[in-house]
$ cat run-v8.pdb   # PDB, C-alpha atoms
MODEL        1
ATOM      1  CA  MET A 299     333.355 261.957  24.278
ATOM      2  CA  ASP A 300     333.242 258.684  22.416
ATOM      3  CA  ALA A 301     330.563 259.815  19.980
ATOM      4  CA  GLY A 302     331.659 259.113  16.457
ATOM      5  CA  ARG A 303     334.646 257.019  17.383
ATOM      6  CA  GLU A 304     333.484 254.194  15.138
ATOM      7  CA  ASN A 305     332.534 256.532  12.351
ATOM      8  CA  VAL A 306     334.625 257.964   9.591
ATOM      9  CA  PHE A 307     334.624 261.691   8.919
ATOM     10  CA  SER A 308     334.596 263.270   5.501
ATOM     11  CA  LEU A 309     334.617 266.943   4.547
ATOM     12  CA  SER A 310     332.151 268.841   2.391
ATOM     13  CA  LEU A 311     332.794 272.442   1.354
ATOM     14  CA  LYS A 312     329.757 274.687   0.975
ATOM     15  CA  ALA A 313     329.523 278.239  -0.382
ATOM     16  CA  LEU A 314     327.141 280.891   0.895
ATOM     17  CA  VAL A 315     327.140 282.783  -2.392
ATOM     18  CA  LEU A 316     325.991 286.406  -2.232
ATOM     19  CA  ASP A 317     324.822 288.569  -5.125
ATOM     20  CA  GLY A 318     325.193 292.353  -5.340
ATOM     21  CA  GLN A 319     322.099 292.784  -3.155
ATOM     22  CA  ARG A 320     323.537 290.523  -0.440
ATOM     23  CA  ARG A 321     321.042 287.786  -1.173
ATOM     24  CA  CYS A 322     322.175 284.193  -0.755
ATOM     25  CA  LEU A 323     321.921 281.501  -3.427
ATOM     26  CA  LEU A 324     319.929 278.385  -2.503
ATOM     27  CA  LEU A 325     319.384 275.285  -4.630
ATOM     28  CA  ARG A 326     316.585 272.710  -4.366
ATOM     29  CA  ARG A 327     317.613 269.073  -4.598
ATOM     30  CA  SER A 328     316.000 267.147  -7.458
ATOM     31  CA  PRO A 329     313.063 264.812  -6.692
ATOM     32  CA  GLY A 330     315.231 261.820  -7.635
ATOM     33  CA  SER A 331     318.049 262.677  -5.195
ATOM     34  CA  LYS A 332     319.162 259.840  -2.952
ATOM     35  CA  ASN A 333     319.495 262.180   0.041
ATOM     36  CA  ASN A 334     317.113 264.977   0.945
ATOM     37  CA  PRO A 335     315.052 265.177  -2.282
ATOM     38  CA  GLY A 336     313.098 268.431  -2.483
ATOM     39  CA  LYS A 337     315.116 270.081   0.285
ATOM     40  CA  TRP A 338     317.006 273.341  -0.178
ATOM     41  CA  GLU A 339     320.752 273.570   0.286
ATOM     42  CA  PHE A 340     323.855 275.590  -0.478
ATOM     43  CA  PRO A 341     326.085 274.738  -3.474
ATOM     44  CA  GLY A 342     329.325 272.858  -2.888
ATOM     45  CA  GLY A 343     330.677 269.380  -2.320
ATOM     46  CA  LYS A 344     333.697 267.274  -1.645
ATOM     47  CA  MET A 345     337.304 267.790  -2.632
ATOM     48  CA  GLU A 346     338.496 265.325  -5.251
ATOM     49  CA  PRO A 347     341.766 263.502  -4.644
ATOM     50  CA  GLY A 348     344.685 265.822  -5.285
ATOM     51  CA  GLU A 349     342.492 268.883  -5.565
ATOM     52  CA  GLY A 350     343.094 272.071  -3.587
ATOM     53  CA  PHE A 351     340.545 273.614  -1.237
ATOM     54  CA  GLU A 352     339.713 276.733  -3.258
ATOM     55  CA  GLU A 353     339.842 274.848  -6.538
ATOM     56  CA  ALA A 354     337.388 272.223  -5.236
ATOM     57  CA  LEU A 355     334.816 274.678  -3.938
ATOM     58  CA  LYS A 356     334.932 276.823  -7.084
ATOM     59  CA  ARG A 357     334.595 273.719  -9.262
ATOM     60  CA  GLU A 358     331.600 272.408  -7.321
ATOM     61  CA  VAL A 359     329.807 275.765  -7.441
ATOM     62  CA  LYS A 360     330.545 276.102 -11.154
ATOM     63  CA  GLU A 361     329.236 272.585 -11.858
ATOM     64  CA  GLU A 362     326.056 273.113  -9.851
ATOM     65  CA  THR A 363     325.249 276.724 -10.757
ATOM     66  CA  ASN A 364     327.438 277.802 -13.714
ATOM     67  CA  LEU A 365     328.597 280.736 -11.562
ATOM     68  CA  ASP A 366     332.152 281.784 -10.849
ATOM     69  CA  ILE A 367     332.698 282.941  -7.288
ATOM     70  CA  SER A 368     335.301 284.778  -5.255
ATOM     71  CA  LEU A 369     335.904 283.450  -1.781
ATOM     72  CA  LEU A 370     335.597 285.926   1.087
ATOM     73  CA  ARG A 371     336.047 284.109   4.415
ATOM     74  CA  PRO A 372     335.016 281.047   6.417
ATOM     75  CA  CYS A 373     331.759 281.590   8.285
ATOM     76  CA  GLY A 374     330.810 278.393  10.092
ATOM     77  CA  THR A 375     330.749 274.622  10.364
ATOM     78  CA  GLY A 376     328.160 271.872  10.532
ATOM     79  CA  MET A 377     327.909 268.092  10.697
ATOM     80  CA  SER A 378     325.602 265.304   9.500
ATOM     81  CA  ARG A 379     325.699 262.089  11.485
ATOM     82  CA  LEU A 380     324.862 259.317   9.041
ATOM     83  CA  PRO A 381     324.993 255.555   9.680
ATOM     84  CA  GLY A 382     328.693 254.714   9.911
ATOM     85  CA  ARG A 383     329.928 258.090   8.750
ATOM     86  CA  ASN A 384     329.894 261.774   9.593
ATOM     87  CA  VAL A 385     330.037 264.558   7.055
ATOM     88  CA  VAL A 386     331.696 267.746   8.306
ATOM     89  CA  TYR A 387     330.649 270.944   6.532
ATOM     90  CA  LEU A 388     332.863 273.981   6.168
ATOM     91  CA  PHE A 389     330.887 277.036   5.057
ATOM     92  CA  MET A 390     332.642 279.787   3.101
ATOM     93  CA  LEU A 391     331.113 283.173   2.397
ATOM     94  CA  ALA A 392     331.573 283.992  -1.286
ATOM     95  CA  GLY A 393     330.616 286.618  -3.835
ATOM     96  CA  ALA A 394     329.061 285.744  -7.208
ATOM     97  CA  GLU A 395     330.747 287.035 -10.329
ATOM     98  CA  PRO A 396     328.343 288.356 -12.976
ATOM     99  CA  GLY A 397     326.756 285.447 -14.810
ATOM    100  CA  GLU A 398     323.640 283.416 -15.365
ATOM    101  CA  VAL A 399     322.625 280.533 -13.103
ATOM    102  CA  ARG A 400     322.305 277.209 -14.915
ATOM    103  CA  LEU A 401     321.630 274.101 -12.840
ATOM    104  CA  SER A 402     323.002 270.586 -13.140
ATOM    105  CA  GLU A 403     320.701 267.583 -12.856
ATOM    106  CA  GLU A 404     321.371 267.534  -9.131
ATOM    107  CA  HIS A 405     318.962 270.441  -8.535
ATOM    108  CA  ASP A 406     315.674 271.562 -10.076
ATOM    109  CA  LEU A 407     315.197 275.088  -8.697
ATOM    110  CA  TRP A 408     317.300 277.961  -7.430
ATOM    111  CA  CYS A 409     316.550 281.239  -5.730
ATOM    112  CA  TRP A 410     318.335 284.242  -4.267
ATOM    113  CA  VAL A 411     317.076 284.704  -0.722
ATOM    114  CA  ALA A 412     317.529 287.598   1.708
ATOM    115  CA  PRO A 413     319.535 286.447   4.762
ATOM    116  CA  GLU A 414     316.595 286.954   7.120
ATOM    117  CA  ASP A 415     314.395 284.671   4.982
ATOM    118  CA  VAL A 416     316.755 281.700   4.588
ATOM    119  CA  GLY A 417     315.669 280.150   7.904
ATOM    120  CA  ALA A 418     312.098 279.859   6.622
ATOM    121  CA  MET A 419     313.119 277.714   3.623
ATOM    122  CA  ASP A 420     312.635 273.943   3.746
ATOM    123  CA  LEU A 421     316.343 273.272   4.251
ATOM    124  CA  ALA A 422     318.161 269.973   4.634
ATOM    125  CA  ALA A 423     318.576 269.536   8.402
ATOM    126  CA  GLN A 424     322.352 270.016   8.425
ATOM    127  CA  PHE A 425     321.959 273.583   7.137
ATOM    128  CA  GLU A 426     319.394 274.821   9.645
ATOM    129  CA  SER A 427     321.981 275.968  12.153
ATOM    130  CA  ILE A 428     324.046 278.080   9.743
ATOM    131  CA  ALA A 429     320.809 279.520   8.342
ATOM    132  CA  GLN A 430     319.960 280.875  11.794
ATOM    133  CA  HIS A 431     323.200 282.856  11.785
ATOM    134  CA  LEU A 432     323.042 284.139   8.237
ATOM    135  CA  VAL A 433     321.842 287.642   9.084
ATOM    136  CA  THR A 434     324.835 288.119  11.384
ATOM    137  CA  ILE A 435     327.265 286.517   8.940
ATOM    138  CA  VAL A 436     326.200 288.669   6.001
ATOM    139  CA  GLY A 437     325.857 291.769   8.175
ATOM    140  CA  ASN A 438     329.478 291.462   9.264
ATOM    141  CA  GLU A 439     330.706 291.495   5.674
ATOM    142  CA  ARG A 440     331.434 295.188   5.158
TER     143      ARG A 440
ATOM    144  CA  MET B  98     333.030 292.156  -0.762
ATOM    145  CA  ASP B  99     336.141 292.206  -2.913
ATOM    146  CA  ALA B 100     338.493 291.470  -0.038
ATOM    147  CA  GLY B 101     340.702 288.569  -0.903
ATOM    148  CA  ARG B 102     339.768 288.420  -4.550
ATOM    149  CA  GLU B 103     343.422 288.555  -5.574
ATOM    150  CA  ASN B 104     344.465 286.097  -2.905
ATOM    151  CA  VAL B 105     344.484 282.344  -2.959
ATOM    152  CA  PHE B 106     342.882 280.369  -0.160
ATOM    153  CA  SER B 107     344.329 277.238   1.384
ATOM    154  CA  LEU B 108     342.926 275.061   4.159
ATOM    155  CA  SER B 109     344.582 274.074   7.432
ATOM    156  CA  LEU B 110     342.958 271.518   9.748
ATOM    157  CA  LYS B 111     343.483 272.024  13.479
ATOM    158  CA  ALA B 112     342.558 269.729  16.372
ATOM    159  CA  LEU B 113     341.406 270.917  19.788
ATOM    160  CA  VAL B 114     342.577 267.749  21.516
ATOM    161  CA  LEU B 115     341.041 267.056  24.933
ATOM    162  CA  ASP B 116     342.373 264.713  27.588
ATOM    163  CA  GLY B 117     340.259 262.834  30.160
ATOM    164  CA  GLN B 118     340.068 265.962  32.318
ATOM    165  CA  ARG B 119     338.798 268.055  29.385
ATOM    166  CA  ARG B 120     342.015 270.014  29.154
ATOM    167  CA  CYS B 121     343.157 271.137  25.718
ATOM    168  CA  LEU B 122     346.570 270.397  24.196
ATOM    169  CA  LEU B 123     348.640 273.404  23.165
ATOM    170  CA  LEU B 124     352.055 273.389  21.477
ATOM    171  CA  ARG B 125     354.680 276.164  21.442
ATOM    172  CA  ARG B 126     356.322 276.899  18.108
ATOM    173  CA  SER B 127     360.087 276.448  18.092
ATOM    174  CA  PRO B 128     362.321 279.553  18.279
ATOM    175  CA  GLY B 129     363.567 278.877  14.746
ATOM    176  CA  SER B 130     360.070 278.760  13.195
ATOM    177  CA  LYS B 131     359.571 280.917  10.122
ATOM    178  CA  ASN B 132     356.102 281.979  11.298
ATOM    179  CA  ASN B 133     355.110 282.848  14.860
ATOM    180  CA  PRO B 134     358.187 281.544  16.727
ATOM    181  CA  GLY B 135     357.482 281.181  20.456
ATOM    182  CA  LYS B 136     353.720 281.440  20.009
ATOM    183  CA  TRP B 137     351.306 278.742  21.183
ATOM    184  CA  GLU B 138     349.012 276.929  18.779
ATOM    185  CA  PHE B 139     346.885 273.841  18.246
ATOM    186  CA  PRO B 140     348.267 270.773  16.448
ATOM    187  CA  GLY B 141     347.312 270.152  12.834
ATOM    188  CA  GLY B 142     348.179 271.220   9.323
ATOM    189  CA  LYS B 143     347.389 270.910   5.664
ATOM    190  CA  MET B 144     345.986 267.996   3.714
ATOM    191  CA  GLU B 145     348.510 266.435   1.398
ATOM    192  CA  PRO B 146     347.513 265.797  -2.228
ATOM    193  CA  GLY B 147     345.201 262.789  -2.421
ATOM    194  CA  GLU B 148     344.797 262.552   1.342
ATOM    195  CA  GLY B 149     341.403 262.395   3.055
ATOM    196  CA  PHE B 150     340.227 264.879   5.658
ATOM    197  CA  GLU B 151     340.288 262.608   8.717
ATOM    198  CA  GLU B 152     343.483 260.897   7.581
ATOM    199  CA  ALA B 153     345.260 264.245   7.178
ATOM    200  CA  LEU B 154     344.292 265.628  10.576
ATOM    201  CA  LYS B 155     345.189 262.406  12.398
ATOM    202  CA  ARG B 156     348.535 262.236  10.581
ATOM    203  CA  GLU B 157     349.416 265.828  11.425
ATOM    204  CA  VAL B 158     348.536 265.390  15.108
ATOM    205  CA  LYS B 159     350.500 262.146  15.250
ATOM    206  CA  GLU B 160     353.542 263.753  13.625
ATOM    207  CA  GLU B 161     353.467 266.756  15.935
ATOM    208  CA  THR B 162     352.486 265.091  19.241
ATOM    209  CA  ASN B 163     352.796 261.297  18.865
ATOM    210  CA  LEU B 164     349.153 261.061  19.982
ATOM    211  CA  ASP B 165     346.344 259.206  18.292
ATOM    212  CA  ILE B 166     343.040 261.046  18.391
ATOM    213  CA  SER B 167     339.369 260.351  17.776
ATOM    214  CA  LEU B 168     337.455 263.104  16.041
ATOM    215  CA  LEU B 169     334.313 264.386  17.744
ATOM    216  CA  ARG B 170     332.852 267.292  15.779
ATOM    217  CA  PRO B 171     333.726 270.562  14.021
ATOM    218  CA  CYS B 172     333.784 273.514  16.404
ATOM    219  CA  GLY B 173     334.800 276.637  14.510
ATOM    220  CA  THR B 174     336.721 278.379  11.769
ATOM    221  CA  GLY B 175     339.400 281.028  11.487
ATOM    222  CA  MET B 176     341.482 282.799   8.875
ATOM    223  CA  SER B 177     344.958 284.296   8.495
ATOM    224  CA  ARG B 178     345.351 286.966   5.860
ATOM    225  CA  LEU B 179     348.935 286.770   4.642
ATOM    226  CA  PRO B 180     350.490 288.697   1.740
ATOM    227  CA  GLY B 181     348.972 287.172  -1.400
ATOM    228  CA  ARG B 182     347.286 284.279   0.372
ATOM    229  CA  ASN B 183     344.725 283.439   3.009
ATOM    230  CA  VAL B 184     344.834 280.374   5.229
ATOM    231  CA  VAL B 185     341.414 279.096   6.314
ATOM    232  CA  TYR B 186     341.371 277.098   9.554
ATOM    233  CA  LEU B 187     338.840 274.384  10.323
ATOM    234  CA  PHE B 188     338.889 273.439  14.009
ATOM    235  CA  MET B 189     337.820 269.938  15.034
ATOM    236  CA  LEU B 190     337.177 268.915  18.621
ATOM    237  CA  ALA B 191     338.970 265.628  19.305
ATOM    238  CA  GLY B 192     339.728 263.238  22.145
ATOM    239  CA  ALA B 193     343.246 261.993  22.900
ATOM    240  CA  GLU B 194     343.796 258.250  23.028
ATOM    241  CA  PRO B 195     346.045 257.111  25.897
ATOM    242  CA  GLY B 196     349.670 257.804  25.029
ATOM    243  CA  GLU B 197     352.687 259.935  25.694
ATOM    244  CA  VAL B 198     353.267 263.304  24.042
ATOM    245  CA  ARG B 199     356.473 263.497  21.997
ATOM    246  CA  LEU B 200     357.125 266.617  19.952
ATOM    247  CA  SER B 201     358.586 267.052  16.488
ATOM    248  CA  GLU B 202     361.194 269.738  15.826
ATOM    249  CA  GLU B 203     358.379 272.102  14.935
ATOM    250  CA  HIS B 204     357.566 272.722  18.618
ATOM    251  CA  ASP B 205     359.597 272.950  21.814
ATOM    252  CA  LEU B 206     356.964 272.813  24.582
ATOM    253  CA  TRP B 207     353.491 271.422  25.128
ATOM    254  CA  CYS B 208     350.899 271.757  27.843
ATOM    255  CA  TRP B 209     347.389 270.647  28.696
ATOM    256  CA  VAL B 210     345.366 273.751  29.499
ATOM    257  CA  ALA B 211     341.921 274.135  31.061
ATOM    258  CA  PRO B 212     339.518 275.721  28.546
ATOM    259  CA  GLU B 213     339.099 278.866  30.665
ATOM    260  CA  ASP B 214     342.881 279.432  30.688
ATOM    261  CA  VAL B 215     343.605 279.031  26.962
ATOM    262  CA  GLY B 216     342.753 282.677  26.202
ATOM    263  CA  ALA B 217     345.560 283.829  28.533
ATOM    264  CA  MET B 218     348.250 281.917  26.593
ATOM    265  CA  ASP B 219     350.489 283.790  24.139
ATOM    266  CA  LEU B 220     348.688 282.383  21.111
ATOM    267  CA  ALA B 221     349.355 282.965  17.434
ATOM    268  CA  ALA B 222     346.852 285.678  16.439
ATOM    269  CA  GLN B 223     344.717 283.424  14.238
ATOM    270  CA  PHE B 224     343.785 281.272  17.261
ATOM    271  CA  GLU B 225     342.693 284.045  19.615
ATOM    272  CA  SER B 226     339.093 283.988  18.466
ATOM    273  CA  ILE B 227     338.535 280.235  18.870
ATOM    274  CA  ALA B 228     340.277 280.413  22.259
ATOM    275  CA  GLN B 229     337.629 282.871  23.454
ATOM    276  CA  HIS B 230     334.937 280.282  22.735
ATOM    277  CA  LEU B 231     336.702 277.250  24.162
ATOM    278  CA  VAL B 232     334.776 277.142  27.446
ATOM    279  CA  THR B 233     331.501 276.985  25.517
ATOM    280  CA  ILE B 234     332.839 274.494  22.975
ATOM    281  CA  VAL B 235     334.145 272.062  25.569
ATOM    282  CA  GLY B 236     331.151 272.608  27.842
ATOM    283  CA  ASN B 237     328.797 271.522  25.070
ATOM    284  CA  GLU B 238     330.606 268.213  24.639
ATOM    285  CA  ARG B 239     328.575 265.963  26.955
TER     286      ARG B 239
ENDMDL
END
$ encode --input "run-v8.pdb" --output "structure tokens"
Amino acid sequence: MDAGRENVFSLSLKALVLDGQRRCLLLRRSPGSKNNPGKWEFPGGKMEPGEGFEEALKREVKEETNLDISLLRPCGTGMSRLPGRNVVYLFMLAGAEPGEVRLSEEHDLWCWVAPEDVGAMDLAAQFESIAQHLVTIVGNER
Amino acid sequence: MDAGRENVFSLSLKALVLDGQRRCLLLRRSPGSKNNPGKWEFPGGKMEPGEGFEEALKREVKEETNLDISLLRPCGTGMSRLPGRNVVYLFMLAGAEPGEVRLSEEHDLWCWVAPEDVGAMDLAAQFESIAQHLVTIVGNER
């Protein structure tokens, strides 16, 4: 039970954003990204100092996709163990408001993917586990 | 998928604190508590403005139990739907450092409970789901 004792933990909020057809929004990290270039991921990021939880996640999704979202419910967790630090992920299911996706420089492609197909994408490793549960997660949202 | 659209979401961090015998620390809310008096819960609380994730959870556990903890990994989520607002819970598995439990005024009893017995406690409703999974969660921590 000592794993991680010498590491610091930070929190990253990620949104599983659904469109009206219950497809999930995935973004591909730009070729020049420091971490995981070319890998697919969910939008989101860290809370800035003084920022609230909902405010932070909506801001990150807006910055990365231009979309406004409504939060629905938490749907899972994940963790990356990096040298000297661990990033904890909190995944929130969200609905996309009508709008057009426009990417920041952080990503170079986006796509809306049916829940059953997300696991076949070339995802960053820390998102593989939640991807396996996406059919159940989205199916429970009635 | 519109559930919660008119509600705000806030985040509460909760620690499933294990001792050397893999028992989990539960606290009973004081009789005068505004919410859930007399119900059992896990230590933790909200991040204060400008505070980091790990810092906030360790501070809350220290304030409520006098214990220092080491974080291990995220192990689940939960949500309370209250009038006009939703509280999202992020549960972190943690290990207790040696020390003596001392409660704040927020709680009036504590106990260390084997994972298989946590579900039988009179828990606040938002913790019933994670309690059902505690045997699996603790069992996976090898």
$ closest_atom_pairs --input "run-v8.pdb" --of "chain A" --to "chain B" --cutoff "6 Å" --atoms "all atoms listed in the file" --output "CSV"
residue,atom,partner,partner_atom,distance
A:Arg303,CA,B:Ser167,CA,5.8
A:Phe307,CA,B:Glu151,CA,5.7
A:Ser308,CA,B:Phe150,CA,5.9
A:Pro347,CA,B:Gly147,CA,4.2
A:Gly348,CA,B:Pro146,CA,4.2
A:Phe351,CA,B:Ser107,CA,5.9
A:Glu352,CA,B:Phe106,CA,5.7
A:Ser368,CA,B:Arg102,CA,5.8
$ closest_residue --input "run-v8.pdb" --among "A:Leu421, A:Leu314, A:Val416, A:Ala354" --to "A:Arg327" --atoms "only C-alpha atoms"
A:Leu421
$ calpha_fit_and_write --input "run-v8.pdb" --fixed "chain A" --moving "chain B" --output "mmCIF file with C-alpha atoms, keeping the file's coordinate frame"
data_model
loop_
_atom_site.group_PDB
_atom_site.id
_atom_site.type_symbol
_atom_site.label_atom_id
_atom_site.label_comp_id
_atom_site.auth_asym_id
_atom_site.auth_seq_id
_atom_site.Cartn_x
_atom_site.Cartn_y
_atom_site.Cartn_z
ATOM 1 C CA MET B 98 333.396 261.962 24.255
ATOM 2 C CA ASP B 99 333.278 258.653 22.425
ATOM 3 C CA ALA B 100 330.589 259.758 20.000
ATOM 4 C CA GLY B 101 331.678 259.070 16.481
ATOM 5 C CA ARG B 102 334.675 256.973 17.386
ATOM 6 C CA GLU B 103 333.484 254.157 15.134
ATOM 7 C CA ASN B 104 332.528 256.521 12.350
ATOM 8 C CA VAL B 105 334.623 257.974 9.595
ATOM 9 C CA PHE B 106 334.620 261.697 8.932
ATOM 10 C CA SER B 107 334.592 263.285 5.503
ATOM 11 C CA LEU B 108 334.618 266.961 4.559
ATOM 12 C CA SER B 109 332.143 268.842 2.377
ATOM 13 C CA LEU B 110 332.796 272.456 1.353
ATOM 14 C CA LYS B 111 329.748 274.697 0.976
ATOM 15 C CA ALA B 112 329.524 278.244 -0.387
ATOM 16 C CA LEU B 113 327.140 280.905 0.896
ATOM 17 C CA VAL B 114 327.146 282.794 -2.394
ATOM 18 C CA LEU B 115 325.988 286.420 -2.228
ATOM 19 C CA ASP B 116 324.835 288.569 -5.121
ATOM 20 C CA GLY B 117 325.185 292.369 -5.346
ATOM 21 C CA GLN B 118 322.104 292.802 -3.155
ATOM 22 C CA ARG B 119 323.550 290.516 -0.458
ATOM 23 C CA ARG B 120 321.037 287.790 -1.164
ATOM 24 C CA CYS B 121 322.166 284.195 -0.748
ATOM 25 C CA LEU B 122 321.912 281.497 -3.425
ATOM 26 C CA LEU B 123 319.926 278.398 -2.508
ATOM 27 C CA LEU B 124 319.383 275.287 -4.638
ATOM 28 C CA ARG B 125 316.581 272.705 -4.369
ATOM 29 C CA ARG B 126 317.607 269.065 -4.584
ATOM 30 C CA SER B 127 316.007 267.160 -7.446
ATOM 31 C CA PRO B 128 313.067 264.824 -6.695
ATOM 32 C CA GLY B 129 315.200 261.821 -7.655
ATOM 33 C CA SER B 130 318.035 262.657 -5.224
ATOM 34 C CA LYS B 131 319.160 259.818 -2.984
ATOM 35 C CA ASN B 132 319.497 262.164 0.003
ATOM 36 C CA ASN B 133 317.112 264.971 0.931
ATOM 37 C CA PRO B 134 315.055 265.166 -2.292
ATOM 38 C CA GLY B 135 313.095 268.431 -2.477
ATOM 39 C CA LYS B 136 315.111 270.072 0.291
ATOM 40 C CA TRP B 137 317.001 273.341 -0.184
ATOM 41 C CA GLU B 138 320.750 273.570 0.286
ATOM 42 C CA PHE B 139 323.860 275.587 -0.487
ATOM 43 C CA PRO B 140 326.078 274.738 -3.473
ATOM 44 C CA GLY B 141 329.322 272.865 -2.903
ATOM 45 C CA GLY B 142 330.667 269.389 -2.333
ATOM 46 C CA LYS B 143 333.689 267.268 -1.642
ATOM 47 C CA MET B 144 337.300 267.779 -2.625
ATOM 48 C CA GLU B 145 338.471 265.318 -5.222
ATOM 49 C CA PRO B 146 341.754 263.467 -4.635
ATOM 50 C CA GLY B 147 344.683 265.803 -5.261
ATOM 51 C CA GLU B 148 342.482 268.877 -5.560
ATOM 52 C CA GLY B 149 343.093 272.063 -3.572
ATOM 53 C CA PHE B 150 340.554 273.623 -1.237
ATOM 54 C CA GLU B 151 339.718 276.739 -3.264
ATOM 55 C CA GLU B 152 339.847 274.832 -6.547
ATOM 56 C CA ALA B 153 337.395 272.218 -5.249
ATOM 57 C CA LEU B 154 334.826 274.686 -3.944
ATOM 58 C CA LYS B 155 334.933 276.817 -7.099
ATOM 59 C CA ARG B 156 334.596 273.711 -9.283
ATOM 60 C CA GLU B 157 331.614 272.406 -7.335
ATOM 61 C CA VAL B 158 329.813 275.764 -7.453
ATOM 62 C CA LYS B 159 330.535 276.085 -11.165
ATOM 63 C CA GLU B 160 329.240 272.576 -11.864
ATOM 64 C CA GLU B 161 326.068 273.107 -9.859
ATOM 65 C CA THR B 162 325.246 276.735 -10.767
ATOM 66 C CA ASN B 163 327.437 277.808 -13.714
ATOM 67 C CA LEU B 164 328.615 280.727 -11.553
ATOM 68 C CA ASP B 165 332.161 281.779 -10.842
ATOM 69 C CA ILE B 166 332.712 282.934 -7.282
ATOM 70 C CA SER B 167 335.322 284.783 -5.256
ATOM 71 C CA LEU B 168 335.917 283.464 -1.769
ATOM 72 C CA LEU B 169 335.617 285.929 1.104
ATOM 73 C CA ARG B 170 336.059 284.130 4.422
ATOM 74 C CA PRO B 171 335.008 281.052 6.414
ATOM 75 C CA CYS B 172 331.750 281.583 8.284
ATOM 76 C CA GLY B 173 330.801 278.386 10.087
ATOM 77 C CA THR B 174 330.736 274.623 10.360
ATOM 78 C CA GLY B 175 328.143 271.881 10.526
ATOM 79 C CA MET B 176 327.896 268.112 10.698
ATOM 80 C CA SER B 177 325.609 265.320 9.495
ATOM 81 C CA ARG B 178 325.716 262.105 11.464
ATOM 82 C CA LEU B 179 324.874 259.318 9.037
ATOM 83 C CA PRO B 180 324.996 255.564 9.708
ATOM 84 C CA GLY B 181 328.698 254.711 9.945
ATOM 85 C CA ARG B 182 329.933 258.096 8.775
ATOM 86 C CA ASN B 183 329.887 261.774 9.604
ATOM 87 C CA VAL B 184 330.029 264.567 7.052
ATOM 88 C CA VAL B 185 331.692 267.757 8.303
ATOM 89 C CA TYR B 186 330.635 270.953 6.527
ATOM 90 C CA LEU B 187 332.864 273.997 6.162
ATOM 91 C CA PHE B 188 330.881 277.048 5.047
ATOM 92 C CA MET B 189 332.649 279.789 3.095
ATOM 93 C CA LEU B 190 331.117 283.180 2.400
ATOM 94 C CA ALA B 191 331.583 284.010 -1.285
ATOM 95 C CA GLY B 192 330.615 286.630 -3.845
ATOM 96 C CA ALA B 193 329.056 285.744 -7.204
ATOM 97 C CA GLU B 194 330.761 287.033 -10.328
ATOM 98 C CA PRO B 195 328.348 288.352 -12.979
ATOM 99 C CA GLY B 196 326.760 285.443 -14.819
ATOM 100 C CA GLU B 197 323.648 283.415 -15.359
ATOM 101 C CA VAL B 198 322.616 280.537 -13.108
ATOM 102 C CA ARG B 199 322.302 277.196 -14.908
ATOM 103 C CA LEU B 200 321.636 274.090 -12.847
ATOM 104 C CA SER B 201 323.005 270.574 -13.145
ATOM 105 C CA GLU B 202 320.682 267.578 -12.864
ATOM 106 C CA GLU B 203 321.369 267.529 -9.144
ATOM 107 C CA HIS B 204 318.951 270.426 -8.533
ATOM 108 C CA ASP B 205 315.673 271.557 -10.070
ATOM 109 C CA LEU B 206 315.187 275.089 -8.691
ATOM 110 C CA TRP B 207 317.302 277.958 -7.430
ATOM 111 C CA CYS B 208 316.571 281.240 -5.728
ATOM 112 C CA TRP B 209 318.343 284.242 -4.269
ATOM 113 C CA VAL B 210 317.091 284.701 -0.720
ATOM 114 C CA ALA B 211 317.530 287.589 1.714
ATOM 115 C CA PRO B 212 319.535 286.435 4.758
ATOM 116 C CA GLU B 213 316.583 286.958 7.119
ATOM 117 C CA ASP B 214 314.388 284.666 4.986
ATOM 118 C CA VAL B 215 316.758 281.699 4.599
ATOM 119 C CA GLY B 216 315.681 280.151 7.922
ATOM 120 C CA ALA B 217 312.092 279.852 6.630
ATOM 121 C CA MET B 218 313.121 277.715 3.625
ATOM 122 C CA ASP B 219 312.634 273.935 3.749
ATOM 123 C CA LEU B 220 316.336 273.272 4.251
ATOM 124 C CA ALA B 221 318.159 269.979 4.617
ATOM 125 C CA ALA B 222 318.569 269.542 8.393
ATOM 126 C CA GLN B 223 322.346 270.008 8.412
ATOM 127 C CA PHE B 224 321.959 273.597 7.144
ATOM 128 C CA GLU B 225 319.387 274.812 9.660
ATOM 129 C CA SER B 226 321.969 275.976 12.162
ATOM 130 C CA ILE B 227 324.041 278.082 9.747
ATOM 131 C CA ALA B 228 320.803 279.534 8.347
ATOM 132 C CA GLN B 229 319.953 280.883 11.802
ATOM 133 C CA HIS B 230 323.193 282.875 11.794
ATOM 134 C CA LEU B 231 323.032 284.163 8.236
ATOM 135 C CA VAL B 232 321.834 287.672 9.106
ATOM 136 C CA THR B 233 324.835 288.125 11.399
ATOM 137 C CA ILE B 234 327.257 286.524 8.943
ATOM 138 C CA VAL B 235 326.207 288.679 6.010
ATOM 139 C CA GLY B 236 325.856 291.773 8.184
ATOM 140 C CA ASN B 237 329.482 291.474 9.266
ATOM 141 C CA GLU B 238 330.702 291.488 5.672
ATOM 142 C CA ARG B 239 331.387 295.203 5.146
#
$ resolve_selection --input "run-v8.pdb" --expression "the PyMOL selection byres ((chain B and resi 213) around 9)" --output "ChimeraX atom specification"
/B:210-212,214-217,228-229,231-232
$ resolve_selection --input "run-v8.pdb" --expression "the PyMOL selection byres ((chain B and resi 136) around 9)" --output "CSV table (one decimal) with C-alpha atoms, in the frame of the given file"
chain,number,residue,atom,x,y,z
B,124,LEU,CA,352.1,273.4,21.5
B,125,ARG,CA,354.7,276.2,21.4
B,126,ARG,CA,356.3,276.9,18.1
B,127,SER,CA,360.1,276.4,18.1
B,128,PRO,CA,362.3,279.6,18.3
B,133,ASN,CA,355.1,282.8,14.9
B,134,PRO,CA,358.2,281.5,16.7
B,135,GLY,CA,357.5,281.2,20.5
B,137,TRP,CA,351.3,278.7,21.2
B,138,GLU,CA,349.0,276.9,18.8
B,218,MET,CA,348.2,281.9,26.6
B,219,ASP,CA,350.5,283.8,24.1
B,220,LEU,CA,348.7,282.4,21.1
B,221,ALA,CA,349.4,283.0,17.4
B,222,ALA,CA,346.9,285.7,16.4
